[in-house]
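S.K.: If it helps, the file is called target39.pdb and holds PDB, C-alpha atoms:
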```pdb
ATOM      1  CA  MET A  69       2.811  27.439 -28.581
ATOM      2  CA  LYS A  70       3.730  25.786 -25.309
ATOM      3  CA  VAL A  71       5.756  22.619 -25.827
ATOM      4  CA  SER A  72       5.621  20.058 -23.032
ATOM      5  CA  ILE A  73       8.591  17.742 -22.882
ATOM      6  CA  LYS A  74       8.409  14.473 -20.991
ATOM      7  CA  PRO A  75      10.779  14.706 -18.002
ATOM      8  CA  ASP A  76      13.858  12.505 -18.005
ATOM      9  CA  HIS A  77      13.539  11.364 -14.397
ATOM     10  CA  ARG A  78      16.578   9.093 -14.552
ATOM     11  CA  ALA A  79      18.810  11.986 -15.655
ATOM     12  CA  LEU A  80      17.313  14.360 -13.082
ATOM     13  CA  ALA A  81      17.753  11.818 -10.273
ATOM     14  CA  GLU A  82      21.338  11.198 -11.323
ATOM     15  CA  ALA A  83      22.110  14.938 -11.519
ATOM     16  CA  LEU A  84      20.757  15.368  -7.977
ATOM     17  CA  ARG A  85      22.706  12.365  -6.680
ATOM     18  CA  ARG A  86      25.934  13.539  -8.300
ATOM     19  CA  ARG A  87      25.637  17.107  -7.008
ATOM     20  CA  VAL A  88      24.717  16.250  -3.414
ATOM     21  CA  LEU A  89      26.881  13.180  -2.909
ATOM     22  CA  GLU A  90      29.876  13.905  -5.126
ATOM     23  CA  GLY A  91      29.986  17.664  -5.658
ATOM     24  CA  PRO A  92      31.745  20.360  -3.660
ATOM     25  CA  GLY A  93      30.401  21.303  -0.249
ATOM     26  CA  GLU A  94      31.429  22.149   3.290
ATOM     27  CA  THR A  95      31.534  18.452   4.193
ATOM     28  CA  PRO A  96      33.682  15.825   2.464
ATOM     29  CA  PRO A  97      31.743  13.839  -0.174
ATOM     30  CA  ARG A  98      32.781  10.663   1.665
ATOM     31  CA  LEU A  99      30.814  11.766   4.738
ATOM     32  CA  ARG A 100      27.746  12.678   2.659
ATOM     33  CA  GLN A 101      27.898   9.324   0.869
ATOM     34  CA  ALA A 102      28.169   7.463   4.164
ATOM     35  CA  SER A 103      25.173   9.387   5.551
ATOM     36  CA  ALA A 104      23.131   8.631   2.429
ATOM     37  CA  GLU A 105      24.001   4.944   2.619
ATOM     38  CA  ARG A 106      23.196   4.796   6.330
ATOM     39  CA  ALA A 107      19.738   6.299   5.713
ATOM     40  CA  ALA A 108      19.209   3.683   3.020
ATOM     41  CA  ASP A 109      19.624   0.767   5.446
ATOM     42  CA  GLY A 110      23.371   0.788   4.913
ATOM     43  CA  LEU A 111      26.286   0.197   7.212
ATOM     44  CA  ALA A 112      26.785   2.289  10.322
ATOM     45  CA  THR A 113      29.019   5.303   9.909
ATOM     46  CA  GLU A 114      30.920   7.450  12.373
ATOM     47  CA  ALA A 115      29.329   9.262  15.329
ATOM     48  CA  PRO A 116      27.484  11.568  15.569
ATOM     49  CA  TYR A 117      26.443  11.363  11.910
ATOM     50  CA  ASP A 118      25.351   7.751  12.191
ATOM     51  CA  ASP A 119      22.537   8.370  14.644
ATOM     52  CA  LEU A 120      21.032  11.289  12.693
ATOM     53  CA  ALA A 121      21.304   9.591   9.290
ATOM     54  CA  ARG A 122      19.798   6.351  10.609
ATOM     55  CA  GLN A 123      16.915   8.258  12.187
ATOM     56  CA  ILE A 124      16.237  10.239   9.005
ATOM     57  CA  GLY A 125      16.121   6.997   7.028
ATOM     58  CA  GLU A 126      13.894   5.137   9.493
ATOM     59  CA  ALA A 127      11.469   7.804  10.721
ATOM     60  CA  ALA A 128      12.426  11.444  10.209
ATOM     61  CA  HIS A 129       9.457  12.697  12.230
ATOM     62  CA  ARG A 130      11.214  11.253  15.270
ATOM     63  CA  VAL A 131      14.459  13.186  14.714
ATOM     64  CA  THR A 132      15.343  14.988  17.940
ATOM     65  CA  ASP A 133      16.963  18.362  18.517
ATOM     66  CA  ALA A 134      19.798  16.499  20.253
ATOM     67  CA  GLN A 135      20.530  14.439  17.127
ATOM     68  CA  VAL A 136      20.773  17.578  14.962
ATOM     69  CA  SER A 137      22.664  19.524  17.657
ATOM     70  CA  SER A 138      25.297  16.797  17.885
ATOM     71  CA  VAL A 139      25.978  17.036  14.169
ATOM     72  CA  LEU A 140      25.993  20.825  14.357
ATOM     73  CA  ALA A 141      28.561  20.663  17.162
ATOM     74  CA  ALA A 142      30.721  18.230  15.186
ATOM     75  CA  THR A 143      30.631  20.158  11.914
ATOM     76  CA  GLY A 144      30.628  23.620  13.485
ATOM     77  CA  SER A 145      28.476  24.935  10.668
ATOM     78  CA  GLU A 146      24.789  25.079   9.796
ATOM     79  CA  LYS A 147      25.518  24.610   6.099
ATOM     80  CA  ALA A 148      27.520  21.462   6.814
ATOM     81  CA  THR A 149      24.722  20.164   9.046
ATOM     82  CA  PHE A 150      22.226  20.865   6.284
ATOM     83  CA  GLU A 151      24.421  18.922   3.856
ATOM     84  CA  ILE A 152      24.317  15.849   6.119
ATOM     85  CA  ILE A 153      20.523  16.096   6.505
ATOM     86  CA  ALA A 154      20.037  16.559   2.754
ATOM     87  CA  ALA A 155      22.375  13.649   1.960
ATOM     88  CA  ALA A 156      20.596  11.308   4.384
ATOM     89  CA  ALA A 157      17.146  12.274   3.065
ATOM     90  CA  LEU A 158      18.429  11.778  -0.477
ATOM     91  CA  GLY A 159      19.827   8.353   0.379
ATOM     92  CA  ALA A 160      16.421   7.177   1.631
ATOM     93  CA  GLY A 161      14.680   8.623  -1.427
ATOM     94  CA  LEU A 162      17.109   7.160  -3.949
ATOM     95  CA  LEU A 163      16.832   3.726  -2.340
ATOM     96  CA  ARG A 164      13.084   3.847  -3.072
ATOM     97  CA  TRP A 165      13.636   5.255  -6.560
ATOM     98  CA  GLN A 166      16.065   2.450  -7.430
ATOM     99  CA  HIS A 167      13.927  -0.387  -6.049
ATOM    100  CA  ALA A 168      10.786   0.945  -7.730
ATOM    101  CA  MET A 169      12.428   1.471 -11.119
ATOM    102  CA  LYS A 170      14.021  -1.983 -10.928
ATOM    103  CA  ALA A 171      10.583  -3.530 -10.324
ATOM    104  CA  LEU A 172       9.126  -1.638 -13.281
ATOM    105  CA  ASP A 173      12.090  -2.386 -15.565
ATOM    106  CA  GLU A 174      11.750  -6.103 -14.835
ATOM    107  CA  VAL A 175       8.147  -6.089 -16.056
ATOM    108  CA  ILE A 176       9.007  -4.043 -19.149
ATOM    109  CA  ASN A 177      11.985  -6.255 -20.021
ATOM    110  CA  ALA A 178       9.985  -9.450 -19.469
ATOM    111  CA  SER A 179       7.325  -8.318 -21.929
ATOM    112  CA  ALA A 180       9.782  -7.011 -24.563
TER     113      ALA A 180
ATOM    114  CA  MET B  76      15.612  21.237  14.968
ATOM    115  CA  ARG B  77      15.356  24.505  13.073
ATOM    116  CA  LEU B  78      18.577  25.945  11.716
ATOM    117  CA  PRO B  79      18.586  29.744  12.225
ATOM    118  CA  GLU B  80      20.462  30.347   8.981
ATOM    119  CA  ILE B  81      17.651  28.686   6.991
ATOM    120  CA  GLU B  82      15.096  30.731   8.935
ATOM    121  CA  ARG B  83      16.694  34.078   8.073
ATOM    122  CA  GLY B  84      18.288  33.191   4.733
ATOM    123  CA  ASP B  85      21.939  32.870   3.751
ATOM    124  CA  GLY B  86      23.271  36.030   2.204
ATOM    125  CA  LEU B  87      21.768  39.487   1.960
ATOM    126  CA  ALA B  88      19.865  38.822  -1.280
ATOM    127  CA  ASN B  89      18.060  35.812   0.183
ATOM    128  CA  ARG B  90      17.263  37.650   3.418
ATOM    129  CA  LEU B  91      15.696  40.499   1.476
ATOM    130  CA  LEU B  92      13.855  38.063  -0.803
ATOM    131  CA  ILE B  93      12.382  36.155   2.163
ATOM    132  CA  ARG B  94      11.253  39.429   3.757
ATOM    133  CA  PHE B  95       9.792  40.714   0.495
ATOM    134  CA  ILE B  96       7.822  37.522  -0.297
ATOM    135  CA  SER B  97       6.560  37.285   3.289
ATOM    136  CA  MET B  98       5.383  40.886   3.125
ATOM    137  CA  ALA B  99       3.798  40.587  -0.327
ATOM    138  CA  SER B 100       2.020  37.334   0.539
ATOM    139  CA  ARG B 101       1.024  38.602   4.011
ATOM    140  CA  MET B 102       2.254  35.400   5.620
ATOM    141  CA  ARG B 103       5.467  33.916   6.962
ATOM    142  CA  LEU B 104       7.260  32.331   4.015
ATOM    143  CA  PRO B 105       6.877  28.558   4.588
ATOM    144  CA  ASP B 106      10.030  26.671   5.528
ATOM    145  CA  ALA B 107       9.880  24.594   2.337
ATOM    146  CA  ALA B 108      10.543  27.768   0.348
ATOM    147  CA  ARG B 109      13.259  28.908   2.770
ATOM    148  CA  VAL B 110      15.069  25.586   2.260
ATOM    149  CA  ALA B 111      14.712  25.947  -1.512
ATOM    150  CA  PHE B 112      16.613  29.265  -1.295
ATOM    151  CA  TYR B 113      19.249  27.963   1.146
ATOM    152  CA  HIS B 114      22.646  26.655  -0.004
ATOM    153  CA  LYS B 115      20.967  26.686  -3.384
ATOM    154  CA  ASP B 116      23.788  25.508  -5.633
ATOM    155  CA  PHE B 117      24.271  22.479  -3.428
ATOM    156  CA  PHE B 118      20.657  21.341  -3.072
ATOM    157  CA  GLY B 119      17.897  23.772  -4.102
ATOM    158  CA  LYS B 120      18.821  23.861  -7.789
ATOM    159  CA  PRO B 121      19.046  20.121  -8.590
ATOM    160  CA  MET B 122      16.213  19.263  -6.180
ATOM    161  CA  GLY B 123      13.997  22.027  -7.561
ATOM    162  CA  ALA B 124      14.694  20.964 -11.146
ATOM    163  CA  TRP B 125      13.550  17.384 -10.539
ATOM    164  CA  THR B 126      10.599  18.416  -8.364
ATOM    165  CA  GLN B 127       9.350  20.933 -10.932
ATOM    166  CA  ALA B 128       9.647  18.336 -13.718
ATOM    167  CA  ALA B 129       7.852  15.657 -11.699
ATOM    168  CA  MET B 130       5.090  17.858 -10.290
ATOM    169  CA  ARG B 131       4.474  20.265 -13.170
ATOM    170  CA  GLY B 132       6.097  18.689 -16.240
ATOM    171  CA  ALA B 133       4.277  16.797 -18.989
ATOM    172  CA  SER B 134       2.684  13.656 -17.526
ATOM    173  CA  PRO B 135      -0.318  11.358 -17.942
ATOM    174  CA  TRP B 136      -1.227  12.522 -14.406
ATOM    175  CA  SER B 137      -2.886  15.855 -13.722
ATOM    176  CA  VAL B 138      -1.235  18.308 -11.330
ATOM    177  CA  THR B 139      -3.920  17.472  -8.757
ATOM    178  CA  GLU B 140      -3.303  13.729  -9.049
ATOM    179  CA  ARG B 141       0.423  14.270  -8.482
ATOM    180  CA  GLU B 142      -0.267  16.534  -5.505
ATOM    181  CA  LEU B 143      -2.492  13.799  -4.049
ATOM    182  CA  MET B 144       0.342  11.279  -4.472
ATOM    183  CA  ALA B 145       2.698  13.685  -2.663
ATOM    184  CA  CYS B 146       0.114  14.113   0.088
ATOM    185  CA  MET B 147      -0.190  10.347   0.560
ATOM    186  CA  VAL B 148       3.566   9.745   0.639
ATOM    187  CA  ALA B 149       3.670  12.470   3.297
ATOM    188  CA  LYS B 150       0.916  10.734   5.241
ATOM    189  CA  TRP B 151       2.779   7.409   5.159
ATOM    190  CA  ASN B 152       5.897   9.226   6.365
ATOM    191  CA  ALA B 153       3.910  11.043   9.093
ATOM    192  CA  CYS B 154       4.976  14.457   7.759
ATOM    193  CA  ALA B 155       2.248  16.884   8.858
ATOM    194  CA  PHE B 156       3.760  19.813   6.941
ATOM    195  CA  CYS B 157       3.671  18.024   3.567
ATOM    196  CA  VAL B 158       0.211  16.507   4.163
ATOM    197  CA  GLY B 159      -1.060  20.036   4.817
ATOM    198  CA  ALA B 160       0.809  21.686   1.962
ATOM    199  CA  HIS B 161      -0.005  19.200  -0.794
ATOM    200  CA  GLY B 162      -3.504  18.392   0.421
ATOM    201  CA  SER B 163      -4.226  22.119   0.203
ATOM    202  CA  ILE B 164      -3.036  22.293  -3.405
ATOM    203  CA  ALA B 165      -5.187  19.285  -4.376
ATOM    204  CA  ALA B 166      -8.141  20.885  -2.561
ATOM    205  CA  LYS B 167      -7.986  23.798  -4.990
ATOM    206  CA  GLU B 168      -9.421  21.465  -7.625
ATOM    207  CA  ILE B 169     -11.224  18.541  -6.021
ATOM    208  CA  LYS B 170     -12.361  20.303  -2.841
ATOM    209  CA  ARG B 171     -11.440  19.583   0.736
ATOM    210  CA  PRO B 172     -13.882  16.748   1.602
ATOM    211  CA  ALA B 173     -12.611  14.663  -1.325
ATOM    212  CA  VAL B 174      -8.983  15.256  -0.304
ATOM    213  CA  ASP B 175      -9.825  14.206   3.236
ATOM    214  CA  GLU B 176     -11.442  11.020   1.900
ATOM    215  CA  VAL B 177      -8.246  10.204  -0.017
ATOM    216  CA  ILE B 178      -6.116  10.823   3.075
ATOM    217  CA  SER B 179      -8.403   8.718   5.231
ATOM    218  CA  ASP B 180      -8.787   5.750   2.852
ATOM    219  CA  PHE B 181      -7.696   6.189  -0.751
ATOM    220  CA  HIS B 182      -9.177   2.822  -1.782
ATOM    221  CA  ALA B 183     -12.680   4.099  -0.984
ATOM    222  CA  ALA B 184     -12.128   7.684  -2.161
ATOM    223  CA  PRO B 185     -13.666   9.247  -5.305
ATOM    224  CA  ILE B 186     -10.534   8.973  -7.453
ATOM    225  CA  SER B 187      -9.809   6.892 -10.571
ATOM    226  CA  ASP B 188      -8.885   3.218 -10.342
ATOM    227  CA  ARG B 189      -5.550   3.941 -12.011
ATOM    228  CA  LEU B 190      -4.686   6.537  -9.359
ATOM    229  CA  LYS B 191      -5.624   4.029  -6.663
ATOM    230  CA  ALA B 192      -3.348   1.466  -8.354
ATOM    231  CA  ALA B 193      -0.463   3.954  -8.442
ATOM    232  CA  MET B 194      -1.023   4.796  -4.779
ATOM    233  CA  THR B 195      -1.037   1.099  -3.868
ATOM    234  CA  PHE B 196       2.402   0.820  -5.494
ATOM    235  CA  LEU B 197       3.614   4.025  -3.813
ATOM    236  CA  LYS B 198       2.538   2.774  -0.400
ATOM    237  CA  VAL B 199       4.801  -0.291  -0.674
ATOM    238  CA  MET B 200       7.582   1.868  -2.116
ATOM    239  CA  THR B 201       7.304   4.297   0.794
ATOM    240  CA  LEU B 202       6.897   1.896   3.688
ATOM    241  CA  ARG B 203       8.556  -1.347   2.538
ATOM    242  CA  PRO B 204      10.909  -0.468  -0.337
ATOM    243  CA  ASN B 205      12.946  -3.637   0.064
ATOM    244  CA  ASP B 206       9.796  -5.723  -0.560
ATOM    245  CA  LEU B 207       9.063  -4.115  -3.937
ATOM    246  CA  LYS B 208       8.875  -6.727  -6.667
ATOM    247  CA  ALA B 209       7.990  -6.853 -10.335
ATOM    248  CA  GLU B 210       4.554  -8.132  -9.331
ATOM    249  CA  HIS B 211       3.784  -4.787  -7.673
ATOM    250  CA  ALA B 212       4.626  -2.938 -10.875
ATOM    251  CA  LYS B 213       2.694  -5.492 -12.920
ATOM    252  CA  ALA B 214      -0.408  -4.987 -10.765
ATOM    253  CA  ALA B 215      -0.283  -1.246 -11.450
ATOM    254  CA  LEU B 216       0.184  -1.782 -15.197
ATOM    255  CA  ASN B 217      -2.686  -4.291 -15.268
ATOM    256  CA  ALA B 218      -4.917  -1.698 -13.590
ATOM    257  CA  GLY B 219      -4.365   0.675 -16.507
ATOM    258  CA  VAL B 220      -1.314   2.644 -15.367
ATOM    259  CA  SER B 221       1.065   2.990 -18.325
ATOM    260  CA  ALA B 222       4.806   2.479 -17.835
ATOM    261  CA  ASP B 223       5.345   6.212 -18.351
ATOM    262  CA  ALA B 224       2.666   7.028 -15.792
ATOM    263  CA  LEU B 225       4.151   4.629 -13.252
ATOM    264  CA  THR B 226       7.601   6.146 -13.815
ATOM    265  CA  ASP B 227       6.160   9.611 -13.145
ATOM    266  CA  ALA B 228       4.424   8.336  -9.993
ATOM    267  CA  ILE B 229       7.658   6.716  -8.806
ATOM    268  CA  ALA B 230       9.458  10.046  -9.282
ATOM    269  CA  VAL B 231       6.852  11.774  -7.102
ATOM    270  CA  GLY B 232       7.248   8.997  -4.518
ATOM    271  CA  ALA B 233      11.036   9.295  -4.482
ATOM    272  CA  LEU B 234      10.993  13.089  -4.246
ATOM    273  CA  PHE B 235       8.563  13.138  -1.357
ATOM    274  CA  SER B 236      10.538  10.429   0.411
ATOM    275  CA  ILE B 237      13.321  13.036   0.378
ATOM    276  CA  ILE B 238      11.259  16.168   1.058
ATOM    277  CA  THR B 239       9.309  14.737   3.993
ATOM    278  CA  ARG B 240      12.542  13.634   5.620
ATOM    279  CA  TYR B 241      14.294  16.976   5.554
ATOM    280  CA  ALA B 242      11.025  18.759   6.430
ATOM    281  CA  ASP B 243      10.767  16.755   9.632
ATOM    282  CA  ALA B 244      14.484  16.698  10.454
ATOM    283  CA  LEU B 245      14.499  20.497  10.131
ATOM    284  CA  ASP B 246      11.267  20.772  12.103
ATOM    285  CA  PHE B 247       9.325  22.834   9.547
ATOM    286  CA  ALA B 248       6.849  25.188  11.231
ATOM    287  CA  LEU B 249       3.244  24.198  10.583
ATOM    288  CA  PRO B 250       1.320  26.996   8.853
ATOM    289  CA  THR B 251      -2.333  27.661   9.684
ATOM    290  CA  THR B 252      -5.064  26.360   7.351
ATOM    291  CA  ALA B 253      -5.426  29.827   5.821
ATOM    292  CA  GLU B 254      -1.657  30.070   5.301
ATOM    293  CA  PHE B 255      -1.556  26.621   3.662
ATOM    294  CA  GLU B 256      -4.265  27.815   1.262
ATOM    295  CA  ARG B 257      -2.338  30.942   0.378
ATOM    296  CA  ALA B 258       0.857  28.912  -0.080
ATOM    297  CA  ALA B 259      -1.071  26.501  -2.320
ATOM    298  CA  ASP B 260      -2.021  29.391  -4.622
ATOM    299  CA  MET B 261       1.648  30.390  -4.730
ATOM    300  CA  LEU B 262       2.811  26.843  -5.591
ATOM    301  CA  LEU B 263       0.170  26.477  -8.306
ATOM    302  CA  LYS B 264       1.261  29.775  -9.827
ATOM    303  CA  ARG B 265       5.023  29.612  -9.425
ATOM    304  CA  GLY B 266       5.836  25.905  -9.239
ATOM    305  CA  TYR B 267       8.747  24.248  -7.453
ATOM    306  CA  ALA B 268      11.896  25.351  -9.275
ATOM    307  CA  SER B 269      13.967  27.618  -7.036
TER     308      SER B 269
END
```
As structure tokens, please, write out the structure in this file.

M.R.:
Amino acid sequence: MKVSIKPDHRALAEALRRRVLEGPGETPPRLRQASAERAADGLATEAPYDDLARQIGEAAHRVTDAQVSSVLAATGSEKATFEIIAAAALGAGLLRWQHAMKALDEVINASA
Amino acid sequence: MRLPEIERGDGLANRLLIRFISMASRMRLPDAARVAFYHKDFFGKPMGAWTQAAMRGASPWSVTERELMACMVAKWNACAFCVGAHGSIAAKEIKRPAVDEVISDFHAAPISDRLKAAMTFLKVMTLRPNDLKAEHAKAALNAGVSADALTDAIAVGALFSIITRYADALDFALPTTAEFERAADMLLKRGYAS
């Protein structure tokens, strides 16, 4: 018999956040965290990461080859560049996850 | 910008796997799958685990309803690849004209009121996350969306806020309509876990 278990989204989101922003990689976790924060309307970070992370957060369909190339030149590695892109995308996604779950939790707590 | 290493695969095993799947499916393996294989321990594994749970795990929403949510988040983020990919999966069940109606104006489309309510919430979450308030969640609950269902919808919204962003930053190649349909069959059969 197939047993369907309700997903624990909070745990899955946290596991993703921890791995991408705190785990080992080719880039320092500090740089990934700064890129994630920048894409989530956070403070500016160092060039050239700032421009790419900001653009990914605001409107990723407008990311230019030059923005990615600059990060590739700075990191010297495609894997490191991918880590920055993934971290920035994650930052924008987790911002939405946190705001949405906060809104829902407020309703649930108010009616408890 | 495309990264050549994602295009060809990192490591011999992944290169062979990409070639084999492309050959067996008679189409270029879509970039979404190439990214899922790339630097897998860093991103593909934890991302795939959450995506598989949200899109195929137990939920008050059907697979098609969740694919439609993904498609709409992609539309709001102007991600042509994800609109095509997830619209094609939904079209396997509700047919293309209905999917197009949802994409064009979900309020007037032939979908349930609770799905419309979830999409209304997801639209604010996608476009104006800082404006999200308890009243938005309350409106969805009042329209018949349970707290569990809204949580599942929020997970889909968060995941596709991530996926659309790296898809566009990495300039995913746009498959043809026929290729999207073949990829949709693959995603319905195999799911999202990498």

S.K.: Show me, as a list in words, every residue of chain A with an atom at most 6 Å from chain B, counting all atoms listed in the file.

M.R.: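 Per the criterion, chain A yields Ser72, Ile73, Lys74, Pro75, Leu80, Leu84, Ala128, His129, Val131, Asp133, Ala157, Leu158, Gly161, Arg164, Trp165, Ala171, Leu172, Glu174 and Val175 of chain A.
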
S.K.: Which residues, named as in the file, does the PyMOL selection byres ((chain A and resi 150) around 9) pick out? Answer as an NGL selection string.

M.R.: (:A and (140 or 145-149 or 151-155)) or (:B and (78 or 114 or 241 or 245))

S.K.: Give me the residues near Val174 in chain B as a ChimeraX atom specification, where near means some atom within 7 Å (using only C-alpha atoms) and where sequence neighbours in that chain fewer than 6 positions away do not count.

M.R.: /B:162,165-166

S.K.: Emit the selected residues as a PDB file, in the frame of the given file, including C-alpha atoms.

M.R.:
```pdb
ATOM      1  CA  GLY B 162      -3.504  18.392   0.421  1.00  0.00           C
ATOM      2  CA  ALA B 165      -5.187  19.285  -4.376  1.00  0.00           C
ATOM      3  CA  ALA B 166      -8.141  20.885  -2.561  1.00  0.00           C
TER       4      ALA B 166
END
```

S.K.: When you draw a straight line from CA of Arg94 in chain B to CA of Gly93 in chain A, how long is it in Å?

M.R.: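 Between CA of Arg94 in chain B and CA of Gly93 in chain A the gap works out to 26.7 Å.
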
S.K.: Residues at most 10 Å from Ser179 in chain B, counting only C-alpha atoms, excluding those fewer than 6 positions away in the same chain, as a VMD selection string?

M.R.: chain B and resid 147 150 173
